[in-house]
Amino acid sequence: MLKPSINVSLEGIPFIILAAFATLLSAMLDLCFLTLIFFALTALIGHFFRDPEVVEPLDDTAIVAPADGKVVKITKEIDPITGESLQMVAIFMNVFNVHVNRMPVAGKVTGIHYIPGKKMNIAFDKASKDNERNLIEVETAAGERFLIIQIAGLLARRIVCWAEKKDTLKRSERFGLIKFGSRVDLYFPDTYKVNVKVGDKVTAGQSVLLVKE
């Protein structure tokens with residue numbers, strides 16, 4: 001698996017450099033208003049691509065959130081790969097959240113399916129079926145199957161997945177990110193119950209999303 005950076009994602013470096021250069025150029029030309037705008041933009045981009053360390057929960061059986069953000073949906077949905085009806089939790093990431101995604105559970109990546117799509121508002125239910133998305137199948141040592149879906153939103157420009165098929169990843173390990181606003185859905189077995197409610201804010205790799213029944 002390709003390893004991202006610590007503290008700031010490598011994916012964000014070109015954007016930060018470009019914004020910082022525009023700030024410097026505006027300052028050299030004594031364009032005060034533009035300098036302030038580009039400085040604010042540089043700070044915002046740096047904030048967006050931050051990649052802080054997290055503290056894992058002590059419970060080894062707990063399933064952690066795959067993304068920072070707000071829980072917007074807890075329901076049963078049809079697994080887009082197997083056709084089964086499974087429990088699902090959806091987490092929405094706004095532009096102020098950390099956008100690095102982390103593994104909710106330790107396991108082996110058994111499949112990765114990238115699907116090109118639209119860039120519609122993630123608030124629409126059909127966005128999970130029509131938008132650009134990346135499906136990652138994970139199997140635990142106990143044989144349990146989880147499905148993580150990275151979904152691009154209205155402002156998201158690109159889904160990034162560092163994980164590769166056959167990778168064996170630890171819980172809370174970084175596996176990808178989505179640039180500029182997005183959603184992550186997690187499908188999971190019925191042997192787990194949800195530990196959050198709609199409206200809760202969660203932290204990727206740290207907040208306990210699911211617990212064993």
# chains A, B, ... in the order shown; residues from 1 in each chain; ligands from 1

$ select_by_dssp --residues "region 17-107 of chain A" --states "helix (DSSP H, G or I)" --output "VMD selection string"
chain A and resid 17 to 28 32 to 48

$ atom_distance --atom1 "CA of Lys193 (chain A)" --atom2 "CA of Glu137 (chain A)"
19.5 Å

$ atom_distance --atom1 "CA of Asp190 (chain A)" --atom2 "CA of Leu58 (chain A)"
22.3 Å

$ closest_residue --among "A:Leu36, A:Ile178, A:Val64, A:Ala141" --to "Ile159 (chain A)" --atoms "only C-alpha atoms"
A:Ile178

$ closest_atom_pairs --of "region 27-67 of chain A" --to "region 196-207 of chain A" --cutoff "6 Å" --atoms "only C-alpha atoms" --output "CSV"
residue,atom,partner,partner_atom,distance
A:Val54,CA,A:Gln206,CA,5.9
A:Val55,CA,A:Gln206,CA,5.6
A:Glu56,CA,A:Gln206,CA,4.9
A:Val64,CA,A:Gly205,CA,5.4
A:Ala65,CA,A:Ala204,CA,4.8
A:Pro66,CA,A:Ala204,CA,5.0
A:Ala67,CA,A:Ala204,CA,4.2

$ select_by_dssp --residues "region 155-189 of chain A" --states "strand (DSSP E or B)" --output "PyMOL selection string"
chain A and resi 159-161+168-169+174-178+182-188

$ closest_residue --among "A:Thr61, A:Leu18, A:Gly69, A:Thr23" --to "Val98 (chain A)" --atoms "only C-alpha atoms"
A:Gly69

$ closest_residue --among "A:Phe38, A:Phe21, A:Phe146, A:Phe92" --to "Pro189 (chain A)" --atoms "only C-alpha atoms"
A:Phe146

$ closest_residue --among "A:Ala43, A:Ile63, A:Ala22, A:Leu177" --to "Lys212 (chain A)" --atoms "only C-alpha atoms"
A:Ile63

$ residues_around --residues "Leu86 (chain A)" --least-positions-apart "3" --cutoff "7 Å" --atoms "only C-alpha atoms" --output "PDB file with C-alpha atoms, in the first residue's frame"
ATOM      1  CA  LYS A  76     -30.510  -1.022   6.102  1.00  0.00           C
ATOM      2  CA  GLU A  77     -29.490  -0.857   2.468  1.00  0.00           C
ATOM      3  CA  ILE A  78     -28.846  -3.299  -0.352  1.00  0.00           C
ATOM      4  CA  ASP A  79     -25.157  -4.132  -0.606  1.00  0.00           C
ATOM      5  CA  TYR A 187     -21.826  -1.728   5.470  1.00  0.00           C
ATOM      6  CA  PHE A 188     -21.378  -4.291   8.234  1.00  0.00           C
ATOM      7  CA  PRO A 189     -22.590  -7.693   9.545  1.00  0.00           C
TER       8      PRO A 189
END

$ atom_distance --atom1 "CA of Ala152 (chain A)" --atom2 "CA of Pro116 (chain A)"
9.7 Å

$ closest_residue --among "A:Arg145, A:Lys70, A:Lys165, A:Arg158" --to "Asn97 (chain A)" --atoms "only C-alpha atoms"
A:Lys70

$ closest_residue --among "A:Cys161, A:Glu213, A:Leu44, A:Ile13" --to "Val194 (chain A)" --atoms "only C-alpha atoms"
A:Glu213
